[in-house]
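J.: This is target23.cif (mmCIF, C-alpha atoms).
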```
data_run
#
loop_
_atom_site.group_PDB
_atom_site.id
_atom_site.type_symbol
_atom_site.label_atom_id
_atom_site.label_comp_id
_atom_site.auth_asym_id
_atom_site.auth_seq_id
_atom_site.Cartn_x
_atom_site.Cartn_y
_atom_site.Cartn_z
ATOM 1 C CA MET A 2 103.610 124.359 112.597
ATOM 2 C CA SER A 3 105.689 124.465 109.439
ATOM 3 C CA ALA A 4 106.456 121.913 106.756
ATOM 4 C CA ALA A 5 108.757 119.278 108.165
ATOM 5 C CA GLY A 6 112.243 118.760 106.757
ATOM 6 C CA THR A 7 112.923 115.228 105.532
ATOM 7 C CA THR A 8 115.547 114.692 108.218
ATOM 8 C CA ALA A 9 112.824 115.120 110.845
ATOM 9 C CA VAL A 10 110.431 112.610 109.268
ATOM 10 C CA THR A 11 110.731 108.872 109.755
ATOM 11 C CA VAL A 12 108.422 105.968 110.566
ATOM 12 C CA GLY A 13 106.806 106.707 113.924
ATOM 13 C CA THR A 14 107.138 110.506 113.660
ATOM 14 C CA LYS A 15 103.983 112.116 115.035
ATOM 15 C CA ALA A 16 102.470 115.502 114.232
ATOM 16 C CA GLU A 17 101.727 117.958 117.006
ATOM 17 C CA PRO A 18 97.941 117.425 117.498
ATOM 18 C CA ALA A 19 95.639 120.319 116.582
ATOM 19 C CA GLU A 20 92.014 121.148 117.383
ATOM 20 C CA PHE A 21 89.238 122.514 115.193
ATOM 21 C CA GLY A 22 86.112 123.847 116.834
ATOM 22 C CA PRO A 23 83.748 124.196 118.479
ATOM 23 C CA LEU A 24 82.259 123.760 114.999
ATOM 24 C CA THR A 25 79.276 125.869 113.968
ATOM 25 C CA THR A 26 76.476 125.738 111.402
ATOM 26 C CA ARG A 27 78.078 128.857 109.918
ATOM 27 C CA MET A 28 81.204 126.789 109.144
ATOM 28 C CA PHE A 29 79.065 124.120 107.454
ATOM 29 C CA ALA A 30 77.368 126.843 105.374
ATOM 30 C CA ARG A 31 80.758 128.274 104.396
ATOM 31 C CA TYR A 32 81.906 124.821 103.292
ATOM 32 C CA ALA A 33 78.681 124.324 101.318
ATOM 33 C CA GLY A 34 79.476 127.452 99.311
ATOM 34 C CA ALA A 35 83.135 126.551 98.826
ATOM 35 C CA SER A 36 82.441 122.993 97.672
ATOM 36 C CA GLY A 37 79.073 123.352 95.988
ATOM 37 C CA ASP A 38 77.517 120.655 98.215
ATOM 38 C CA PHE A 39 74.218 122.309 99.045
ATOM 39 C CA ASN A 40 72.522 119.402 100.780
ATOM 40 C CA PRO A 41 70.286 121.332 103.225
ATOM 41 C CA MET A 42 70.845 118.738 106.010
ATOM 42 C CA HIS A 43 74.063 120.664 106.724
ATOM 43 C CA TYR A 44 72.673 124.188 107.250
ATOM 44 C CA ASP A 45 68.842 124.118 107.434
ATOM 45 C CA ASP A 46 67.979 123.052 110.981
ATOM 46 C CA THR A 47 64.219 122.923 110.338
ATOM 47 C CA LEU A 48 64.657 120.501 107.429
ATOM 48 C CA ALA A 49 67.247 118.397 109.304
ATOM 49 C CA ARG A 50 64.862 117.981 112.290
ATOM 50 C CA ALA A 51 61.953 117.193 109.974
ATOM 51 C CA ALA A 52 64.115 114.423 108.477
ATOM 52 C CA GLY A 53 64.617 112.941 111.958
ATOM 53 C CA TYR A 54 68.054 114.309 112.847
ATOM 54 C CA PRO A 55 68.647 116.110 116.179
ATOM 55 C CA SER A 56 70.090 119.079 114.241
ATOM 56 C CA VAL A 57 72.123 119.890 111.164
ATOM 57 C CA PHE A 58 75.457 118.067 110.892
ATOM 58 C CA SER A 59 78.776 118.606 109.133
ATOM 59 C CA GLN A 60 79.375 117.474 105.573
ATOM 60 C CA GLY A 61 81.753 114.519 105.761
ATOM 61 C CA MET A 62 83.922 116.317 103.217
ATOM 62 C CA HIS A 63 84.002 119.398 105.500
ATOM 63 C CA SER A 64 85.529 117.360 108.324
ATOM 64 C CA ALA A 65 87.836 115.764 105.731
ATOM 65 C CA ALA A 66 88.935 119.233 104.604
ATOM 66 C CA LEU A 67 89.786 120.197 108.200
ATOM 67 C CA LEU A 68 91.899 117.048 108.514
ATOM 68 C CA ALA A 69 93.545 117.926 105.185
ATOM 69 C CA SER A 70 94.321 121.402 106.548
ATOM 70 C CA PHE A 71 96.063 119.783 109.512
ATOM 71 C CA ALA A 72 98.047 117.421 107.258
ATOM 72 C CA VAL A 73 99.145 120.230 104.928
ATOM 73 C CA ASP A 74 100.375 122.360 107.847
ATOM 74 C CA TRP A 75 102.458 119.364 108.863
ATOM 75 C CA LEU A 76 103.872 118.087 105.543
ATOM 76 C CA GLY A 77 103.234 120.773 102.945
ATOM 77 C CA ALA A 78 100.729 121.770 100.270
ATOM 78 C CA ASP A 79 102.732 121.101 97.069
ATOM 79 C CA THR A 80 103.951 117.771 98.378
ATOM 80 C CA VAL A 81 100.636 115.899 98.732
ATOM 81 C CA ARG A 82 100.306 112.965 96.323
ATOM 82 C CA ARG A 83 97.372 111.018 97.801
ATOM 83 C CA PHE A 84 94.691 111.756 100.388
ATOM 84 C CA ARG A 85 92.056 109.164 101.292
ATOM 85 C CA VAL A 86 89.360 109.577 103.920
ATOM 86 C CA ARG A 87 86.954 107.089 105.446
ATOM 87 C CA PHE A 88 83.800 108.539 106.964
ATOM 88 C CA ARG A 89 83.020 107.109 110.387
ATOM 89 C CA GLU A 90 80.903 109.165 112.837
ATOM 90 C CA GLN A 91 78.754 112.183 112.114
ATOM 91 C CA VAL A 92 79.985 115.574 113.331
ATOM 92 C CA TRP A 93 77.592 118.043 114.976
ATOM 93 C CA PRO A 94 77.519 121.759 115.842
ATOM 94 C CA GLY A 95 79.518 122.285 119.039
ATOM 95 C CA ASP A 96 81.864 119.387 118.314
ATOM 96 C CA VAL A 97 85.610 119.851 118.707
ATOM 97 C CA LEU A 98 87.745 117.719 116.396
ATOM 98 C CA THR A 99 91.246 116.787 117.505
ATOM 99 C CA CYS A 100 93.515 115.864 114.599
ATOM 100 C CA THR A 101 96.455 113.518 115.006
ATOM 101 C CA GLY A 102 98.910 112.042 112.527
ATOM 102 C CA GLU A 103 101.729 109.538 112.421
ATOM 103 C CA VAL A 104 104.172 108.448 109.729
ATOM 104 C CA THR A 105 103.647 104.756 108.965
ATOM 105 C CA ALA A 106 106.011 104.319 105.997
ATOM 106 C CA ALA A 107 108.890 106.227 104.400
ATOM 107 C CA GLU A 108 110.465 105.265 101.090
ATOM 108 C CA ARG A 109 113.563 106.959 99.658
ATOM 109 C CA ARG A 110 113.101 107.595 95.940
ATOM 110 C CA GLY A 111 115.098 109.399 93.278
ATOM 111 C CA ASP A 112 112.780 112.402 93.520
ATOM 112 C CA GLY A 113 112.534 112.615 97.317
ATOM 113 C CA LEU A 114 111.173 110.849 100.374
ATOM 114 C CA LEU A 115 107.696 109.383 99.911
ATOM 115 C CA VAL A 116 106.035 109.262 103.328
ATOM 116 C CA THR A 117 102.723 107.614 104.162
ATOM 117 C CA VAL A 118 100.806 108.962 107.135
ATOM 118 C CA GLU A 119 97.728 107.811 108.999
ATOM 119 C CA LEU A 120 95.526 110.676 110.189
ATOM 120 C CA THR A 121 92.551 110.776 112.529
ATOM 121 C CA ALA A 122 89.973 113.401 113.469
ATOM 122 C CA THR A 123 88.465 112.480 116.835
ATOM 123 C CA ARG A 124 85.382 114.070 118.439
ATOM 124 C CA GLN A 125 85.416 115.284 122.042
ATOM 125 C CA THR A 126 83.427 112.128 122.891
ATOM 126 C CA GLY A 127 86.394 109.975 121.838
ATOM 127 C CA GLY A 128 84.554 108.773 118.752
ATOM 128 C CA VAL A 129 86.513 108.817 115.491
ATOM 129 C CA ALA A 130 84.819 111.053 112.923
ATOM 130 C CA ILE A 131 87.289 110.631 110.064
ATOM 131 C CA GLY A 132 90.183 108.299 109.431
ATOM 132 C CA ALA A 133 92.602 109.140 106.649
ATOM 133 C CA SER A 134 95.675 107.855 104.898
ATOM 134 C CA ALA A 135 97.877 110.135 102.811
ATOM 135 C CA ASP A 136 101.134 110.200 100.876
ATOM 136 C CA PHE A 137 103.474 113.184 100.687
ATOM 137 C CA LEU A 138 106.590 113.412 98.508
ATOM 138 C CA LEU A 139 109.065 115.447 100.534
ATOM 139 C CA PRO A 140 111.966 117.063 98.664
ATOM 140 C CA GLY A 141 115.569 116.236 99.435
ATOM 141 C CA MET B 20 68.684 103.071 85.076
ATOM 142 C CA ASP B 21 71.817 101.992 86.931
ATOM 143 C CA ALA B 22 74.845 102.773 84.806
ATOM 144 C CA PRO B 23 76.952 99.584 84.465
ATOM 145 C CA MET B 24 80.591 99.114 85.445
ATOM 146 C CA GLY B 25 82.912 100.810 82.977
ATOM 147 C CA SER B 26 80.389 103.406 81.837
ATOM 148 C CA ARG B 27 81.689 106.949 81.465
ATOM 149 C CA GLY B 28 80.123 110.348 81.914
ATOM 150 C CA THR B 29 80.492 113.254 79.525
ATOM 151 C CA GLU B 30 83.764 115.208 79.713
ATOM 152 C CA TYR B 31 83.504 118.772 81.010
ATOM 153 C CA GLU B 32 85.837 121.636 81.755
ATOM 154 C CA MET B 33 86.927 122.880 85.178
ATOM 155 C CA VAL B 34 88.867 126.137 85.455
ATOM 156 C CA VAL B 35 91.003 126.135 88.605
ATOM 157 C CA GLU B 36 90.382 129.600 90.015
ATOM 158 C CA ARG B 37 92.470 131.535 92.533
ATOM 159 C CA GLY B 38 89.399 132.951 94.275
ATOM 160 C CA LYS B 39 87.788 129.534 94.569
ATOM 161 C CA ILE B 40 90.988 128.130 96.112
ATOM 162 C CA ARG B 41 90.993 130.976 98.639
ATOM 163 C CA GLU B 42 87.314 130.376 99.461
ATOM 164 C CA PHE B 43 87.974 126.647 99.925
ATOM 165 C CA ALA B 44 91.075 127.290 102.074
ATOM 166 C CA THR B 45 89.024 129.587 104.308
ATOM 167 C CA ALA B 46 86.339 126.915 104.688
ATOM 168 C CA MET B 47 89.030 124.400 105.723
ATOM 169 C CA GLN B 48 90.395 126.948 108.238
ATOM 170 C CA SER B 49 93.781 126.969 106.533
ATOM 171 C CA ARG B 50 96.078 129.962 106.453
ATOM 172 C CA HIS B 51 98.729 128.135 104.417
ATOM 173 C CA GLU B 52 100.587 130.538 102.134
ATOM 174 C CA ALA B 53 100.461 128.027 99.244
ATOM 175 C CA TYR B 54 96.731 128.801 98.948
ATOM 176 C CA GLU B 55 97.385 132.525 98.376
ATOM 177 C CA GLY B 56 98.431 134.402 95.268
ATOM 178 C CA PRO B 57 98.357 133.871 91.509
ATOM 179 C CA ASP B 58 100.111 130.469 91.659
ATOM 180 C CA ALA B 59 97.937 129.072 94.474
ATOM 181 C CA VAL B 60 97.917 125.284 94.548
ATOM 182 C CA VAL B 61 94.682 123.332 95.177
ATOM 183 C CA PRO B 62 94.078 121.842 98.652
ATOM 184 C CA PRO B 63 93.980 118.000 98.926
ATOM 185 C CA THR B 64 90.163 117.741 98.727
ATOM 186 C CA PHE B 65 89.506 120.821 96.543
ATOM 187 C CA LEU B 66 88.706 118.817 93.411
ATOM 188 C CA THR B 67 85.397 117.816 94.994
ATOM 189 C CA SER B 68 84.252 121.267 93.836
ATOM 190 C CA SER B 69 84.555 120.140 90.200
ATOM 191 C CA ALA B 70 80.896 119.135 90.621
ATOM 192 C CA LEU B 71 80.164 122.878 90.374
ATOM 193 C CA TRP B 72 81.434 122.813 86.788
ATOM 194 C CA ALA B 73 79.545 119.724 85.624
ATOM 195 C CA PRO B 74 76.685 120.408 83.207
ATOM 196 C CA GLU B 75 73.478 118.626 84.121
ATOM 197 C CA GLY B 76 73.708 114.941 83.185
ATOM 198 C CA ALA B 77 77.491 114.971 82.621
ATOM 199 C CA ARG B 78 78.325 112.959 85.715
ATOM 200 C CA VAL B 79 77.676 109.220 85.906
ATOM 201 C CA ASP B 80 74.550 108.204 87.802
ATOM 202 C CA VAL B 81 74.991 105.031 89.820
ATOM 203 C CA GLY B 82 71.209 104.895 90.282
ATOM 204 C CA PHE B 83 71.158 104.671 94.080
ATOM 205 C CA ASP B 84 68.164 105.826 96.135
ATOM 206 C CA ARG B 85 69.259 109.206 97.524
ATOM 207 C CA LYS B 86 67.445 108.517 100.813
ATOM 208 C CA ARG B 87 69.691 105.485 101.400
ATOM 209 C CA LEU B 88 72.888 106.936 99.926
ATOM 210 C CA LEU B 89 76.067 107.126 102.018
ATOM 211 C CA HIS B 90 79.512 108.401 101.084
ATOM 212 C CA GLY B 91 81.827 105.719 102.481
ATOM 213 C CA GLU B 92 85.259 106.832 101.321
ATOM 214 C CA GLN B 93 86.852 109.504 99.189
ATOM 215 C CA GLU B 94 90.372 109.491 97.782
ATOM 216 C CA TYR B 95 92.383 111.973 95.718
ATOM 217 C CA VAL B 96 95.562 110.907 93.932
ATOM 218 C CA PHE B 97 97.938 113.475 92.402
ATOM 219 C CA HIS B 98 100.412 112.380 89.707
ATOM 220 C CA GLY B 99 102.786 115.228 90.575
ATOM 221 C CA PRO B 100 102.239 118.497 92.437
ATOM 222 C CA PRO B 101 98.505 119.314 92.741
ATOM 223 C CA PRO B 102 96.934 121.546 90.050
ATOM 224 C CA ARG B 103 97.370 125.315 90.318
ATOM 225 C CA ALA B 104 95.254 128.423 89.777
ATOM 226 C CA GLY B 105 94.882 129.198 86.095
ATOM 227 C CA GLN B 106 94.939 125.603 84.906
ATOM 228 C CA VAL B 107 92.063 124.291 82.825
ATOM 229 C CA LEU B 108 91.211 120.671 83.572
ATOM 230 C CA LYS B 109 89.200 118.220 81.503
ATOM 231 C CA VAL B 110 87.080 116.167 83.867
ATOM 232 C CA VAL B 111 85.254 112.899 83.302
ATOM 233 C CA ASP B 112 83.677 110.288 85.583
ATOM 234 C CA ARG B 113 83.734 106.545 85.125
ATOM 235 C CA ILE B 114 82.329 103.685 87.180
ATOM 236 C CA GLU B 115 85.270 101.563 88.283
ATOM 237 C CA ASP B 116 83.442 98.960 90.326
ATOM 238 C CA ARG B 117 80.026 97.852 91.541
ATOM 239 C CA TYR B 118 79.326 95.158 94.092
ATOM 240 C CA GLU B 119 76.833 94.083 96.740
ATOM 241 C CA LYS B 120 77.087 92.809 100.294
ATOM 242 C CA PRO B 121 74.393 91.484 102.628
ATOM 243 C CA GLY B 122 73.099 94.225 104.969
ATOM 244 C CA LYS B 123 73.481 93.729 108.729
ATOM 245 C CA ARG B 124 69.673 93.601 109.101
ATOM 246 C CA GLY B 125 68.931 91.719 105.909
ATOM 247 C CA GLY B 126 68.601 92.879 102.341
ATOM 248 C CA GLN B 127 71.483 93.850 100.091
ATOM 249 C CA MET B 128 73.790 96.845 100.440
ATOM 250 C CA ARG B 129 75.018 98.100 97.086
ATOM 251 C CA PHE B 130 78.415 99.698 96.504
ATOM 252 C CA ALA B 131 79.748 101.741 93.598
ATOM 253 C CA VAL B 132 83.234 103.152 93.076
ATOM 254 C CA VAL B 133 83.228 106.238 90.859
ATOM 255 C CA VAL B 134 86.571 107.523 89.566
ATOM 256 C CA THR B 135 86.823 111.108 88.369
ATOM 257 C CA GLU B 136 89.757 111.771 86.025
ATOM 258 C CA TYR B 137 91.356 115.219 85.803
ATOM 259 C CA ARG B 138 93.482 115.885 82.707
ATOM 260 C CA THR B 139 95.331 118.914 81.422
ATOM 261 C CA GLU B 140 94.377 120.269 78.005
ATOM 262 C CA ASP B 141 97.098 118.140 76.365
ATOM 263 C CA GLY B 142 95.514 115.013 77.856
ATOM 264 C CA THR B 143 97.953 114.334 80.707
ATOM 265 C CA LEU B 144 96.244 112.669 83.665
ATOM 266 C CA VAL B 145 97.197 114.868 86.657
ATOM 267 C CA ALA B 146 94.744 113.786 89.340
ATOM 268 C CA GLU B 147 92.044 111.243 90.101
ATOM 269 C CA GLY B 148 89.205 111.253 92.582
ATOM 270 C CA ARG B 149 87.791 107.946 93.819
ATOM 271 C CA SER B 150 84.402 107.924 95.609
ATOM 272 C CA THR B 151 82.977 104.862 97.287
ATOM 273 C CA LEU B 152 79.200 105.227 97.408
ATOM 274 C CA ILE B 153 76.934 102.954 99.434
ATOM 275 C CA GLU B 154 73.205 102.323 99.155
ATOM 276 C CA THR B 155 72.030 100.836 102.445
ATOM 277 C CA ALA B 156 69.623 97.888 102.404
ATOM 278 C CA PRO B 157 65.927 98.831 102.162
ATOM 279 C CA LYS B 158 64.077 98.968 105.490
ATOM 280 C CA GLY B 159 62.370 95.697 106.366
ATOM 281 C CA GLY B 160 65.133 93.662 104.765
ATOM 282 C CA ALA B 161 63.457 93.269 101.387
ATOM 283 C CA ALA B 162 66.123 93.036 98.711
#
```
In C-alpha cells, how does this file's structure come out?
T.:
Amino acid sequence: MSAAGTTAVTVGTKAEPAEFGPLTTRMFARYAGASGDFNPMHYDDTLARAAGYPSVFSQGMHSAALLASFAVDWLGADTVRRFRVRFREQVWPGDVLTCTGEVTAAERRGDGLLVTVELTATRQTGGVAIGASADFLLPG
Amino acid sequence: MDAPMGSRGTEYEMVVERGKIREFATAMQSRHEAYEGPDAVVPPTFLTSSALWAPEGARVDVGFDRKRLLHGEQEYVFHGPPPRAGQVLKVVDRIEDRYEKPGKRGGQMRFAVVVTEYRTEDGTLVAEGRSTLIETAPKGGAA
C-alpha cells in the first residue's frame, strides 16, 4: 500500500484490509520496551495467571499502534491530525487482527483535503478489539 | 487524594529521539519510510512514550484504585504535522473532566479525562493526548 492521492479518496473509500499476527508475547514485550508500559500482565505469564487471566494479553495501546500502522500505510505519516481509539475486547497471544478502514467524511480546505476515517481491528473470532476514528489532512 | 478537575501536573521535558521512533515503529510492525532517518516523524500513538520522560510525581494522579483501573479511550490531536526527531517538547498533564456513572452491577463507576499537552520550546501547542480512565465499581456493589 502507498499513501493515497486525494483524487482517490472520497466518502465511502475503503482501505485494502490488512492482517497482523498471529500475535506473540514477544511482540507485547517489544511494545512494552518501546512505550515504557511495563505492566507485567502483558509479558509475565506466571503473574498473569496468578491474577486470574488465562495468559498474558496485549497492551491496548499495542493493538492501537498496529491499527495506527495500518492507517499510516493507507493515508500517510505526516498527514495525521487526530487519532482516537476505543478499547473493546482484550487481545491474546495467537490472535490475528484484521484491520479495516473507511472514509466517513471529506472536507475541502485551503490547506488540503481533511478526511475522517473509521478504523477497526477485528479478532479472528469476529470480536472487535479496537475501534478508531482519525483525521488526515491530505495535500492538494 | 484524588486530584480535582482542572488540576495540573508538573511540566517536564521530552526529547523526541530518532532511535526511539525507530523502536516504536518496529513494535507497531511499520516499515514506513517516514519513521526512518534524521527527520523521522512520530507515529500517531508515539507520544504515549512521554511517560518515560516524566519525573516521579510529575503526572497528575486521578486517585483510582489500580486494581479496578481501565483505559477506555485514548486520543492524539496534532495541530500540524506530528513532531519530528530532534524536537524538544514541554509536556504537562491536566485533568479535563471527572464524572461518575452507576455500575451495571451496582456501585459507582468513576471516570477521569486526562489531557496531556505537548508544546515546543517557544510555547506553541503542537499536540494533545486525551486519556479516558475508568475505575470500575467496587465488587459487591458498595459505593
J.: Take the point (76.4, 129.4, 111.7) in the file's coordinates, draw a sphere of radius 12 Å around it, and report as a PyMOL selection string every protein, DNA or RNA residue with an atom inside or on it, counting all atoms listed in the file.
T.: chain A and resi 23-33+43-46+57-59+93-95
J.: Can you list what the PyMOL selection byres ((chain A and resi 20) around 9) grabs from this structure, as a PyMOL selection string?
T.: chain A and resi 18-19+21-23+71+97-100+122
J.: For range 67-76 of chain B, find every residue with an atom within 9 Å (counting all atoms listed in the file), except residues of its own chain fewer than 5 positions away, and show them as a list in words.
T.: Ala35, Ser36, Gly37, Asp38 and Met62 of chain A; Gly28, Thr29, Glu30, Tyr31, Glu32, Met33, Val34, Val35, Phe43, Val110 and Gly148 of chain B
J.: If we count all atoms listed in the file and set the cut-off at 8 Å, which residues sit around Tyr137 in chain B, ignoring sequence neighbours fewer than 3 positions away in its own chain? Please answer as an NGL selection string.
T.: :B and (108-111 or 144-147)
J.: I need the residues from that last selection saved to file as a PDB file, in the frame of the given file (with C-alpha atoms), if you can.
T.:
```
ATOM      1  CA  LEU B 108      91.211 120.671  83.572  1.00  0.00           C
ATOM      2  CA  LYS B 109      89.200 118.220  81.503  1.00  0.00           C
ATOM      3  CA  VAL B 110      87.080 116.167  83.867  1.00  0.00           C
ATOM      4  CA  VAL B 111      85.254 112.899  83.302  1.00  0.00           C
ATOM      5  CA  LEU B 144      96.244 112.669  83.665  1.00  0.00           C
ATOM      6  CA  VAL B 145      97.197 114.868  86.657  1.00  0.00           C
ATOM      7  CA  ALA B 146      94.744 113.786  89.340  1.00  0.00           C
ATOM      8  CA  GLU B 147      92.044 111.243  90.101  1.00  0.00           C
TER       9      GLU B 147
END
```
J.: Give the padded box for range 113-125 of chain A as lines of an AutoDock Vina configuration file: axis-aligned, covering all atoms listed in the file, 6 Å on each side, centre and edge lengths in Å to one decimal.
T.:
```
center_x = 99.0
center_y = 111.4
center_z = 109.7
size_x = 39.2
size_y = 19.7
size_z = 36.7
```
J.: Running the PyMOL selection byres ((chain B and resi 133) around 6) on this model by hand, what would come out? Give it as a PyMOL selection string.
T.: chain B and resi 113-115+132+134+149-150
J.: How would the residues just picked look written out with C-alpha atoms as a PDB file, keeping the file's coordinate frame?
T.:
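What landed in result03.pdb:
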```
ATOM      1  CA  ARG B 113      83.734 106.545  85.125  1.00  0.00           C
ATOM      2  CA  ILE B 114      82.329 103.685  87.180  1.00  0.00           C
ATOM      3  CA  GLU B 115      85.270 101.563  88.283  1.00  0.00           C
ATOM      4  CA  VAL B 132      83.234 103.152  93.076  1.00  0.00           C
ATOM      5  CA  VAL B 134      86.571 107.523  89.566  1.00  0.00           C
ATOM      6  CA  ARG B 149      87.791 107.946  93.819  1.00  0.00           C
ATOM      7  CA  SER B 150      84.402 107.924  95.609  1.00  0.00           C
TER       8      SER B 150
END
```
J.: Counting all atoms listed in the file, collect the residues of chain A whose closest atom lies at most 8 Å from chain B, and write them out as a PyMOL selection string.
T.: chain A and resi 28+31-32+35-37+62-63+65-67+69-70+73-74+78-88
J.: Can those selected residues be exported to a file as a PDB file, in the frame of the given file so that it contains C-alpha atoms?
T.:
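Output saved as again27.pdb:
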```pdb
ATOM      1  CA  MET A  28      81.204 126.789 109.144  1.00  0.00           C
ATOM      2  CA  ARG A  31      80.758 128.274 104.396  1.00  0.00           C
ATOM      3  CA  TYR A  32      81.906 124.821 103.292  1.00  0.00           C
ATOM      4  CA  ALA A  35      83.135 126.551  98.826  1.00  0.00           C
ATOM      5  CA  SER A  36      82.441 122.993  97.672  1.00  0.00           C
ATOM      6  CA  GLY A  37      79.073 123.352  95.988  1.00  0.00           C
ATOM      7  CA  MET A  62      83.922 116.317 103.217  1.00  0.00           C
ATOM      8  CA  HIS A  63      84.002 119.398 105.500  1.00  0.00           C
ATOM      9  CA  ALA A  65      87.836 115.764 105.731  1.00  0.00           C
ATOM     10  CA  ALA A  66      88.935 119.233 104.604  1.00  0.00           C
ATOM     11  CA  LEU A  67      89.786 120.197 108.200  1.00  0.00           C
ATOM     12  CA  ALA A  69      93.545 117.926 105.185  1.00  0.00           C
ATOM     13  CA  SER A  70      94.321 121.402 106.548  1.00  0.00           C
ATOM     14  CA  VAL A  73      99.145 120.230 104.928  1.00  0.00           C
ATOM     15  CA  ASP A  74     100.375 122.360 107.847  1.00  0.00           C
ATOM     16  CA  ALA A  78     100.729 121.770 100.270  1.00  0.00           C
ATOM     17  CA  ASP A  79     102.732 121.101  97.069  1.00  0.00           C
ATOM     18  CA  THR A  80     103.951 117.771  98.378  1.00  0.00           C
ATOM     19  CA  VAL A  81     100.636 115.899  98.732  1.00  0.00           C
ATOM     20  CA  ARG A  82     100.306 112.965  96.323  1.00  0.00           C
ATOM     21  CA  ARG A  83      97.372 111.018  97.801  1.00  0.00           C
ATOM     22  CA  PHE A  84      94.691 111.756 100.388  1.00  0.00           C
ATOM     23  CA  ARG A  85      92.056 109.164 101.292  1.00  0.00           C
ATOM     24  CA  VAL A  86      89.360 109.577 103.920  1.00  0.00           C
ATOM     25  CA  ARG A  87      86.954 107.089 105.446  1.00  0.00           C
ATOM     26  CA  PHE A  88      83.800 108.539 106.964  1.00  0.00           C
TER      27      PHE A  88
END
```
J.: Determine the nearest neighbour of Gln127 in chain B from the options B:Asp84, B:Glu154, B:Asp21, B:Asp141, counting all atoms listed in the file.
T.: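 For Gln127 in chain B, the nearest of the given residues is B:Glu154.
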J.: Please compute the CA of Lys120 in chain B-CA of Gln91 in chain A distance, one decimal, in Å.
T.: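 CA of Lys120 in chain B sits 22.8 Å away from CA of Gln91 in chain A.
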